Amino acid sequence: MSGKVIVITSGKGGVGKTTASANIGVALAQTGVSVAMVDMDIGLRNLDILMGLENRVVYNLVDVVEERCKLRQALVKDKRLPNLCLLPAAQTRDKTAVNAEQMKKLCGELKELFDYVLVDSPAGIESGFQNSVAGAEEAVIVTTPEMSAVRDADRIIGLLEARKDEIQQYRLVLNRLRPGMVRTNDMMSVEDVLEILSVKLLGVVPEDEQIIVSTNKGEPVAGTDNTRAGLAFRNIARRLRGEDVPLMDLDELNQGWLSRMVRFFAPARA
Amino acid sequence: MEELKVQVLNWFFHRKNESTRTKAKDRMRLMLIHDRLELPADRLASLEEELVAVVCRYFEIDRETTRFDLQQYERRAALIANFPLLRSKC
């Protein structure tokens, strides 16, 4: 088997990179392929929490690299999806614990075992990011429609462009979009951000309170049927697999006749 | 239609008809051009000054309608300079 290594990155912290990783991982696994998620945020490990797997972590990425355990021993199986695994980050080490060469080797081994390897990169553009990208052939850039996040995403795009030989494709996930604010011209739209960054779109995820609820439970929203963000992440997973899935119509969400009336008379709160 | 509706409602509720979305987009665009070129903020102004000085050695130009700015094409930037010429200095 030779799987595909995809790095999930953002530049800026707090835009939903780890949430996106967890949800894309779950959504991909739900389509039937095998998926390994690698938490590269060494020292600030969080992917295990979002997946609800924090109590099952025994070994970690650094243990594997430093040969204290076998790769298979460190992989934590998901609670619901048997074809989904997590390779947790070390919590007590720092970003220098794994270098680019070691990462390439690790990704090479994981590719033999899984259809998809998702690498959750740390924030920033320093060594942690560079090492996360080392073994990847595709990148997903996560940003929100805020100026600081878009600026940092642009920096990341510049750095990925410089690695054109390895990174064959990169696409954008626009996270936490608020359609109501776009409608009242108080937030940059999908088109605005794409025009500014000149980048291909992988998907749009609307702001959804269910993300917080799902994090509390340790069950990514992509696993539950009736959430907007969950549907958005499932669409993203299908696009990663090469399917042509149209963007969901964000304006049509929650538009019963009553909410349309409310929106018409109170656009500022919509 | 959607925009018209927003404008009508803005007028109705005396809201300031100033789109922060457009403002953000314009600021973003200019900022990223500078970022990508690693161009300090005052650099462009000094280039304009020098170019104008050179052109002025040959022509009298209309400073009112002189245009000098950066535009984005995909991920590249272009310098657009437009010096309307009034007469040559011979």
# chains A, B, ... in the order shown; residues from 1 in each chain; ligands from 1
call {"tool": "interface_residues", "arguments": {"of": "chain A", "to": "chain B", "cutoff": "12 Å", "atoms": "only C-alpha atoms", "output": "PyMOL selection string"}}
result
chain A and resi 145-159+161+180-200+251+263-268+270
call {"tool": "write_last_selection", "arguments": {"atoms": "C-alpha atoms", "output": "short mmCIF file (atom, residue, chain, number, x, y, z; two decimals), in the first residue's frame"}}
result
data_model
loop_
_atom_site.label_atom_id
_atom_site.label_comp_id
_atom_site.auth_asym_id
_atom_site.auth_seq_id
_atom_site.Cartn_x
_atom_site.Cartn_y
_atom_site.Cartn_z
CA PRO A 145 -11.98 35.27 7.42
CA GLU A 146 -10.03 37.55 9.75
CA MET A 147 -7.17 39.76 8.61
CA SER A 148 -4.51 38.34 10.91
CA ALA A 149 -5.36 34.73 10.00
CA VAL A 150 -5.43 35.50 6.27
CA ARG A 151 -2.08 37.26 6.46
CA ASP A 152 -0.50 34.26 8.19
CA ALA A 153 -2.10 31.88 5.69
CA ASP A 154 -0.44 33.91 2.94
CA ARG A 155 2.95 33.41 4.60
CA ILE A 156 2.31 29.67 4.70
CA ILE A 157 1.33 29.63 1.02
CA GLY A 158 4.62 31.38 0.23
CA LEU A 159 6.55 28.73 2.17
CA GLU A 161 5.30 27.42 -2.93
CA GLY A 180 -24.96 36.54 8.48
CA MET A 181 -22.00 38.87 8.93
CA VAL A 182 -20.95 38.45 5.32
CA ARG A 183 -24.48 39.40 4.28
CA THR A 184 -24.32 42.62 6.27
CA ASN A 185 -20.84 43.35 4.89
CA ASP A 186 -19.15 42.97 8.25
CA MET A 187 -16.99 39.99 7.33
CA MET A 188 -14.88 39.06 4.31
CA SER A 189 -16.62 36.52 2.10
CA VAL A 190 -15.31 33.26 0.64
CA GLU A 191 -14.73 35.05 -2.68
CA ASP A 192 -12.88 37.94 -0.97
CA VAL A 193 -10.44 35.60 0.77
CA LEU A 194 -9.86 33.47 -2.33
CA GLU A 195 -9.21 36.57 -4.41
CA ILE A 196 -6.75 37.98 -1.89
CA LEU A 197 -4.83 34.72 -1.46
CA SER A 198 -5.19 33.39 -5.04
CA VAL A 199 -5.55 29.86 -3.79
CA LYS A 200 -7.76 26.87 -4.57
CA ASP A 251 -27.41 31.26 2.78
CA ARG A 263 -33.54 38.21 9.18
CA PHE A 264 -35.30 40.73 6.97
CA PHE A 265 -36.39 42.90 9.86
CA ALA A 266 -33.25 42.56 11.96
CA PRO A 267 -30.34 42.19 9.55
CA ALA A 268 -27.74 43.34 12.06
CA ALA A 270 -28.79 37.81 11.51
#
call {"tool": "select_by_dssp", "arguments": {"residues": "chain B", "states": "strand (DSSP E or B)", "output": "list in words"}}
result
Phe59, Glu60, Ile61, Arg67, Phe68, Asp69, Leu70, Gln71, Gln72, Tyr73, Arg76, Ala77, Ala78, Leu79, Ile80, Ala81, Asn82, Leu85, Leu86, Arg87 and Ser88 of chain B
call {"tool": "select_by_dssp", "arguments": {"residues": "range 3-228 of chain A", "states": "helix (DSSP H, G or I)", "output": "JSON, numbers by chain"}}
result
{"A": [17, 18, 19, 20, 21, 22, 23, 24, 25, 26, 27, 28, 29, 30, 47, 48, 49, 50, 54, 55, 56, 61, 62, 63, 64, 65, 71, 72, 73, 74, 95, 96, 97, 100, 101, 102, 103, 104, 105, 106, 107, 108, 109, 110, 111, 112, 113, 127, 128, 129, 130, 131, 132, 133, 147, 148, 149, 150, 151, 152, 153, 154, 155, 156, 157, 158, 159, 160, 161, 179, 180, 181, 182, 183, 190, 191, 192, 193, 194, 195, 196, 197, 210, 211, 212, 213, 214, 215, 216, 217, 221, 222, 223, 228]}
call {"tool": "residues_around", "arguments": {"residues": "range 80-90 of chain B", "least_positions_apart": "2", "cutoff": "9 Å", "atoms": "only C-alpha atoms", "output": "JSON, numbers by chain"}}
result
{"B": [48, 52, 55, 56, 57, 58, 59, 60, 61, 62, 63, 65, 66, 67, 68, 69, 70, 71, 78]}
call {"tool": "residues_around", "arguments": {"residues": "range 50-55 of chain A", "least_positions_apart": "6", "cutoff": "7 Å", "atoms": "only C-alpha atoms", "output": "PyMOL selection string"}}
result
chain A and resi 19+22+215+218-220
call {"tool": "write_last_selection", "arguments": {"atoms": "C-alpha atoms", "output": "short mmCIF file (atom, residue, chain, number, x, y, z; two decimals), in the first residue's frame"}}
result
data_model
loop_
_atom_site.label_atom_id
_atom_site.label_comp_id
_atom_site.auth_asym_id
_atom_site.auth_seq_id
_atom_site.Cartn_x
_atom_site.Cartn_y
_atom_site.Cartn_z
CA THR A 19 -10.37 20.68 15.09
CA ALA A 22 -9.77 15.61 13.89
CA THR A 215 -15.04 18.89 21.91
CA GLY A 218 -14.45 14.10 22.62
CA GLU A 219 -16.50 13.23 19.55
CA PRO A 220 -15.72 15.26 16.39
#
call {"tool": "residues_around", "arguments": {"residues": "Asn226 in chain A", "least_positions_apart": "4", "cutoff": "12 Å", "atoms": "only C-alpha atoms", "output": "PDB file with N, CA and C atoms, in the first residue's frame"}}
result
ATOM      1  N   ASP A 208     -20.040  27.177  14.120  1.00  0.00           N
ATOM      2  CA  ASP A 208     -21.059  26.265  14.632  1.00  0.00           C
ATOM      3  C   ASP A 208     -20.775  25.979  16.108  1.00  0.00           C
ATOM      4  N   GLN A 210     -21.847  23.784  17.888  1.00  0.00           N
ATOM      5  CA  GLN A 210     -21.752  22.346  18.153  1.00  0.00           C
ATOM      6  C   GLN A 210     -20.303  21.873  18.246  1.00  0.00           C
ATOM      7  N   VAL A 221     -17.522  16.537  15.336  1.00  0.00           N
ATOM      8  CA  VAL A 221     -18.848  16.734  14.729  1.00  0.00           C
ATOM      9  C   VAL A 221     -19.042  15.986  13.416  1.00  0.00           C
ATOM     10  N   ALA A 222     -17.932  15.712  12.730  1.00  0.00           N
ATOM     11  CA  ALA A 222     -18.048  15.018  11.448  1.00  0.00           C
ATOM     12  C   ALA A 222     -18.709  13.653  11.619  1.00  0.00           C
ATOM     13  N   GLY A 230     -20.264  19.621  10.696  1.00  0.00           N
ATOM     14  CA  GLY A 230     -20.026  18.204  10.404  1.00  0.00           C
ATOM     15  C   GLY A 230     -20.197  17.908   8.928  1.00  0.00           C
ATOM     16  N   LEU A 231     -21.270  18.436   8.347  1.00  0.00           N
ATOM     17  CA  LEU A 231     -21.514  18.239   6.918  1.00  0.00           C
ATOM     18  C   LEU A 231     -20.380  18.863   6.092  1.00  0.00           C
ATOM     19  N   ALA A 232     -19.956  20.061   6.518  1.00  0.00           N
ATOM     20  CA  ALA A 232     -18.873  20.737   5.797  1.00  0.00           C
ATOM     21  C   ALA A 232     -17.604  19.888   5.796  1.00  0.00           C
ATOM     22  N   ARG A 234     -17.415  16.621   6.195  1.00  0.00           N
ATOM     23  CA  ARG A 234     -17.598  15.406   5.384  1.00  0.00           C
ATOM     24  C   ARG A 234     -17.427  15.728   3.897  1.00  0.00           C
ATOM     25  N   LEU A 253     -29.014  27.872   4.821  1.00  0.00           N
ATOM     26  CA  LEU A 253     -29.047  27.198   6.117  1.00  0.00           C
ATOM     27  C   LEU A 253     -30.050  27.874   7.038  1.00  0.00           C
TER      28      LEU A 253
END
